[in-house]
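Novice: Sharing model01.tsv (TSV, C-alpha atoms) below.
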chain	number	residue	atom	x	y	z
D	1	MET	CA	196.30	17.23	-4.43
D	2	LEU	CA	197.02	20.73	-3.16
D	3	ASN	CA	193.76	22.03	-4.58
D	4	ILE	CA	191.83	19.27	-2.83
D	5	ASN	CA	193.42	20.15	0.49
D	6	LYS	CA	192.58	23.82	0.00
D	7	LEU	CA	189.00	22.90	-0.84
D	8	PHE	CA	188.74	20.71	2.25
D	9	LEU	CA	190.16	23.45	4.45
D	10	SER	CA	187.77	25.99	2.95
D	11	VAL	CA	184.78	23.75	3.63
D	12	LEU	CA	185.97	23.02	7.16
D	13	VAL	CA	186.49	26.71	7.92
D	14	GLY	CA	183.05	27.49	6.50
D	15	LEU	CA	181.41	24.84	8.68
D	16	LEU	CA	183.23	26.10	11.76
D	17	LEU	CA	182.18	29.65	11.04
D	18	LEU	CA	178.60	28.56	10.49
D	19	TYR	CA	178.61	26.56	13.71
D	20	GLY	CA	180.18	29.46	15.53
D	21	CYS	CA	177.52	31.85	14.29
D	22	GLN	CA	174.79	29.47	15.38
D	23	LYS	CA	176.48	29.05	18.74
D	24	ILE	CA	176.70	32.79	19.22
D	25	ALA	CA	173.01	33.12	18.35
D	26	GLU	CA	172.11	30.43	20.88
D	27	ASP	CA	174.21	32.11	23.54
D	28	LYS	CA	171.97	35.14	23.36
D	29	ILE	CA	168.81	33.25	24.30
D	30	PRO	CA	168.32	33.13	28.08
D	31	PRO	CA	166.08	30.59	29.80
D	32	VAL	CA	162.55	31.47	30.84
D	33	ILE	CA	161.37	31.27	34.47
D	34	LEU	CA	157.68	30.54	35.05
D	35	LEU	CA	156.61	30.98	38.67
D	36	LYS	CA	154.14	28.52	40.14
D	37	GLY	CA	151.41	29.82	42.41
D	38	GLN	CA	150.52	33.45	42.94
D	39	ASN	CA	152.67	36.52	42.53
D	40	PRO	CA	152.29	38.49	44.68
D	41	ALA	CA	151.43	35.84	47.26
D	42	THR	CA	149.83	36.47	50.64
D	43	VAL	CA	150.15	34.58	53.90
D	44	LEU	CA	148.36	35.27	57.17
D	45	LEU	CA	150.37	36.21	60.23
D	46	GLY	CA	151.41	33.13	62.17
D	47	CYS	CA	150.66	30.72	59.33
D	48	SER	CA	153.28	28.73	57.47
D	49	TYR	CA	154.43	29.59	53.96
D	50	THR	CA	155.74	27.08	51.43
D	51	ASP	CA	157.22	28.37	48.21
D	52	PRO	CA	155.43	26.69	45.27
D	53	GLY	CA	158.60	26.96	43.19
D	54	ALA	CA	159.10	27.62	39.50
D	55	VAL	CA	159.53	25.93	36.13
D	56	VAL	CA	162.48	26.80	33.88
D	57	LYS	CA	162.25	26.45	30.10
D	58	ASP	CA	165.26	26.60	27.80
D	59	ASP	CA	166.27	25.54	24.28
D	60	GLN	CA	169.45	23.84	25.46
D	61	THR	CA	169.72	20.08	26.00
D	62	ALA	CA	171.21	20.44	29.45
D	63	ALA	CA	168.75	21.59	32.07
D	64	PRO	CA	169.47	25.07	33.51
D	65	THR	CA	170.31	25.46	37.17
D	66	LEU	CA	167.77	27.31	39.34
D	67	THR	CA	168.55	28.99	42.64
D	68	VAL	CA	166.27	30.90	45.02
D	69	GLU	CA	167.42	33.58	47.45
D	70	GLY	CA	165.40	35.26	50.17
D	71	ASN	CA	163.18	34.14	53.01
D	72	VAL	CA	159.72	34.76	54.41
D	73	ASN	CA	159.04	35.20	58.13
D	74	PRO	CA	155.34	34.39	58.62
D	75	ASP	CA	155.54	35.53	62.24
D	76	SER	CA	156.21	39.14	61.28
D	77	THR	CA	154.01	41.27	59.04
D	78	GLY	CA	155.67	42.89	56.04
D	79	VAL	CA	156.66	42.44	52.41
D	80	TYR	CA	159.24	39.81	51.51
D	81	TYR	CA	160.92	38.90	48.23
D	82	LEU	CA	162.12	35.62	46.76
D	83	ASP	CA	164.59	36.03	43.89
D	84	TYR	CA	164.90	33.22	41.34
D	85	THR	CA	167.97	32.91	39.10
D	86	ALA	CA	168.30	30.43	36.22
D	87	VAL	CA	171.58	29.83	34.36
D	88	ASP	CA	171.77	27.63	31.26
D	89	ALA	CA	174.73	25.70	29.81
D	90	ASP	CA	175.86	28.77	27.85
D	91	SER	CA	175.90	30.93	31.00
D	92	ASN	CA	172.81	32.86	29.96
D	93	VAL	CA	171.02	34.23	33.01
D	94	ALA	CA	167.33	34.84	33.70
D	95	THR	CA	165.86	36.31	36.88
D	96	MET	CA	162.40	36.54	38.38
D	97	ARG	CA	161.09	37.91	41.68
D	98	ARG	CA	158.12	36.83	43.81
D	99	GLN	CA	156.57	39.19	46.32
D	100	VAL	CA	155.19	37.61	49.49
D	101	ILE	CA	153.02	39.71	51.80
D	102	VAL	CA	152.58	38.62	55.42
D	103	GLN	CA	149.43	40.32	56.63
D	104	PRO	CA	147.41	40.37	59.87
D	105	ILE	CA	144.22	38.39	60.15
D	106	ASP	CA	141.44	40.27	58.38
D	107	LEU	CA	138.48	39.62	60.63
D	108	GLU	CA	136.02	40.75	57.98
D	109	ARG	CA	136.68	37.56	56.03
D	110	TYR	CA	135.00	35.58	58.80
D	111	ALA	CA	131.67	37.38	58.71
D	112	GLY	CA	128.83	35.41	57.19
D	113	THR	CA	126.99	32.11	57.59
D	114	PHE	CA	128.80	29.05	58.91
D	115	THR	CA	127.97	25.43	59.46
D	116	VAL	CA	128.97	24.60	63.03
D	117	THR	CA	130.07	21.25	64.42
D	118	ASP	CA	129.77	21.31	68.21
D	119	THR	CA	131.27	18.58	70.38
D	120	LEU	CA	130.75	18.25	74.11
D	121	ILE	CA	134.33	17.46	75.13
D	122	PHE	CA	133.52	15.17	78.05
D	123	ILE	CA	130.98	13.25	75.97
D	124	PRO	CA	132.64	12.64	72.56
D	125	ARG	CA	129.52	11.08	71.07
D	126	ARG	CA	127.48	14.19	71.79
D	127	ILE	CA	127.97	16.00	68.49
D	128	THR	CA	125.54	18.50	67.08
D	129	SER	CA	125.52	20.52	63.86
D	130	TYR	CA	123.72	23.77	63.21
D	131	THR	CA	124.04	27.05	61.37
D	132	SER	CA	125.33	30.30	62.84
D	133	ILE	CA	125.39	33.82	61.42
D	134	ILE	CA	128.55	35.77	62.23
D	135	THR	CA	128.37	39.57	62.24
D	136	LEU	CA	131.46	41.71	62.70
D	137	PHE	CA	131.18	45.04	64.51
D	138	MET	CA	133.76	47.73	63.73
D	139	SER	CA	134.35	48.50	67.38
D	140	ASP	CA	137.62	48.79	69.28
D	141	PRO	CA	138.41	46.04	69.89
D	142	ARG	CA	136.36	44.49	67.11
D	143	THR	CA	133.69	42.08	68.24
D	144	TYR	CA	131.76	39.26	66.70
D	145	SER	CA	128.06	38.75	67.26
D	146	VAL	CA	127.25	35.07	66.78
D	147	ALA	CA	123.58	34.28	66.28
D	148	ASN	CA	122.32	30.82	67.27
D	149	PHE	CA	125.40	30.06	69.33
D	150	ASN	CA	125.44	26.56	70.80
D	151	ASN	CA	121.98	26.00	69.39
D	152	PHE	CA	120.48	28.13	72.19
D	153	GLY	CA	119.02	30.74	69.85
D	154	ASN	CA	120.89	33.42	71.78
D	155	HIS	CA	123.77	35.79	70.99
D	156	PHE	CA	127.23	36.23	72.39
D	157	LYS	CA	130.26	38.30	71.50
D	158	VAL	CA	133.76	37.10	70.69
D	159	LEU	CA	136.51	39.54	71.64
D	160	PHE	CA	139.50	39.13	69.33
D	161	ALA	CA	143.04	39.61	70.54
D	162	PRO	CA	144.32	43.09	69.61
D	163	ASP	CA	147.27	41.68	67.62
D	164	SER	CA	144.82	40.09	65.16
D	165	SER	CA	147.06	37.06	64.88
D	166	GLY	CA	144.08	34.75	64.72
D	167	THR	CA	143.81	34.05	68.45
D	168	PHE	CA	140.76	35.43	70.19
D	169	LEU	CA	138.99	35.37	73.54
D	170	VAL	CA	135.40	34.48	74.29
D	171	ASP	CA	133.85	36.40	77.16
D	172	TYR	CA	130.10	36.64	77.34
D	173	SER	CA	127.37	36.50	79.98
D	174	PHE	CA	123.73	35.87	79.19
D	175	ALA	CA	121.32	35.78	82.11
D	176	ASP	CA	122.66	33.02	84.39
D	177	THR	CA	124.98	31.55	81.70
D	178	VAL	CA	128.67	32.45	81.47
D	179	VAL	CA	130.66	31.53	78.36
D	180	THR	CA	134.46	31.80	78.39
D	181	GLY	CA	137.20	30.30	76.24
D	182	THR	CA	139.69	30.79	73.44
D	183	GLY	CA	139.90	30.01	69.76
D	184	TYR	CA	141.85	30.54	66.58
D	185	THR	CA	141.22	31.12	62.90
D	186	PHE	CA	142.27	28.59	60.28
D	187	CYS	CA	145.18	29.56	58.07
D	188	ASP	CA	143.32	28.45	54.94
D	189	ASN	CA	140.64	31.10	55.66
D	190	SER	CA	137.96	28.42	55.86
D	191	GLY	CA	136.67	29.35	59.31
D	192	PHE	CA	137.66	29.22	62.93
D	193	ASN	CA	137.62	27.03	66.03
D	194	ILE	CA	136.51	27.78	69.58
D	195	THR	CA	137.21	25.80	72.74
D	196	TYR	CA	135.08	27.11	75.58
D	197	LYS	CA	133.14	26.30	78.72
D	198	VAL	CA	129.60	27.15	79.65
D	199	ASP	CA	128.85	27.72	83.34
D	200	ILE	CA	125.12	27.08	83.36
D	201	SER	CA	124.92	27.27	87.13
D	202	ASP	CA	127.18	27.11	90.17
D	203	THR	CA	127.33	23.35	89.86
D	204	ILE	CA	126.98	22.64	86.11
D	205	THR	CA	129.77	23.34	83.61
D	206	GLU	CA	129.90	22.16	80.00
D	207	ARG	CA	133.07	22.16	77.93
D	208	HIS	CA	132.69	22.47	74.18
D	209	LYS	CA	134.82	22.42	71.09
D	210	THR	CA	133.22	23.97	68.03
D	211	THR	CA	134.34	24.31	64.45
D	212	TYR	CA	132.95	27.03	62.19
D	213	ARG	CA	133.45	26.38	58.49
Just give me the structure of the file as structure tokens.
Specialist:
Amino acid sequence: MLNINKLFLSVLVGLLLLYGCQKIAEDKIPPVILLKGQNPATVLLGCSYTDPGAVVKDDQTAAPTLTVEGNVNPDSTGVYYLDYTAVDADSNVATMRRQVIVQPIDLERYAGTFTVTDTLIFIPRRITSYTSIITLFMSDPRTYSVANFNNFGNHFKVLFAPDSSGTFLVDYSFADTVVTGTGYTFCDNSGFNITYKVDISDTITERHKTTYR
């Protein structure tokens, strides 16, 4: 009977040691953090930023905890960091960092050919579509030359605000026509919008809203 007890104890100790060795081996394996989206990521000044998050993979049954520290201020240019930390059931830790760059509007991205939707504000059914060619001049301040503006076949210049935040001013005179207004670029880089008025004469004023995409 004594020998049987010794054998049982030996087997039990062996199993515990084996389990302990396996447990120690598992404790050394940290989780893996896979960032969604881009890294580094960029966001235009004045546009919103939403963190796409991350996926955590681990060989433990219990899901690891994931925390994120840091913040991004899209209203101030600069480099920001988001730090991800994952901890599994065995207290193994994994870290990952995302760099987020808030940058001014790059006006060069809006040079090219655009399809324009032009709406006469006071007459909502008066909608026209045409093509405009946008040329950027490296002046100070930078200016846009827009060919075929308002389907007149003429040119005008858009003066962008010096902070390059995406807001710009329209100020152009052509013969007896005066064009003034404001606009903004789209945060998804797809184009820009202009709301403006055209003083054709002392008594005639048109108000337009155009979308360049």
Novice: Restricting the calculation to all atoms listed in the file, which member of D:Phe137, D:Tyr144, D:Tyr84, D:Phe192 is positioned closest to D:Phe114?
Specialist: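 Using all atoms listed in the file, the shortest distance to D:Phe114 belongs to D:Phe192.
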Novice: Could you work out how far atom CA of D:Lys36 lies from atom CA of D:Ala62, giving the answer in Å with one decimal?
Specialist: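 Distance between the two atoms: 21.7 Å.
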Novice: Kindly indicate which residue among D:Gly112, D:Pro40, D:Pro31, D:Gly166 lies nearest to D:Val79, using only C-alpha atoms for the distances.
Specialist: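 Looking at the shortest contact to D:Val79, the residue is D:Pro40.
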Novice: Go ahead and find all residues with at least one atom no further than 12 Å from (173.2, 27.7, 28.5) in the file's coordinates, using all atoms listed in the file; report them as a list of chain:residue names.
Specialist: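 Applying the cut-off with all atoms listed in the file, one gets D:Lys23, D:Ile24, D:Ala25, D:Glu26, D:Asp27, D:Lys28, D:Ile29, D:Pro30, D:Pro31, D:Val32, D:Lys57, D:Asp58, D:Asp59, D:Gln60, D:Thr61, D:Ala62, D:Ala63, D:Pro64, D:Thr65, D:Ala86, D:Val87, D:Asp88, D:Ala89, D:Asp90, D:Ser91, D:Asn92, D:Val93, D:Ala94.
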Novice: Pick out the closest residue to D:Val146 from this set: D:Tyr80, D:Tyr49, D:Tyr184, D:Tyr110. Count all atoms listed in the file.
Specialist: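 Nearest to D:Val146: D:Tyr110.
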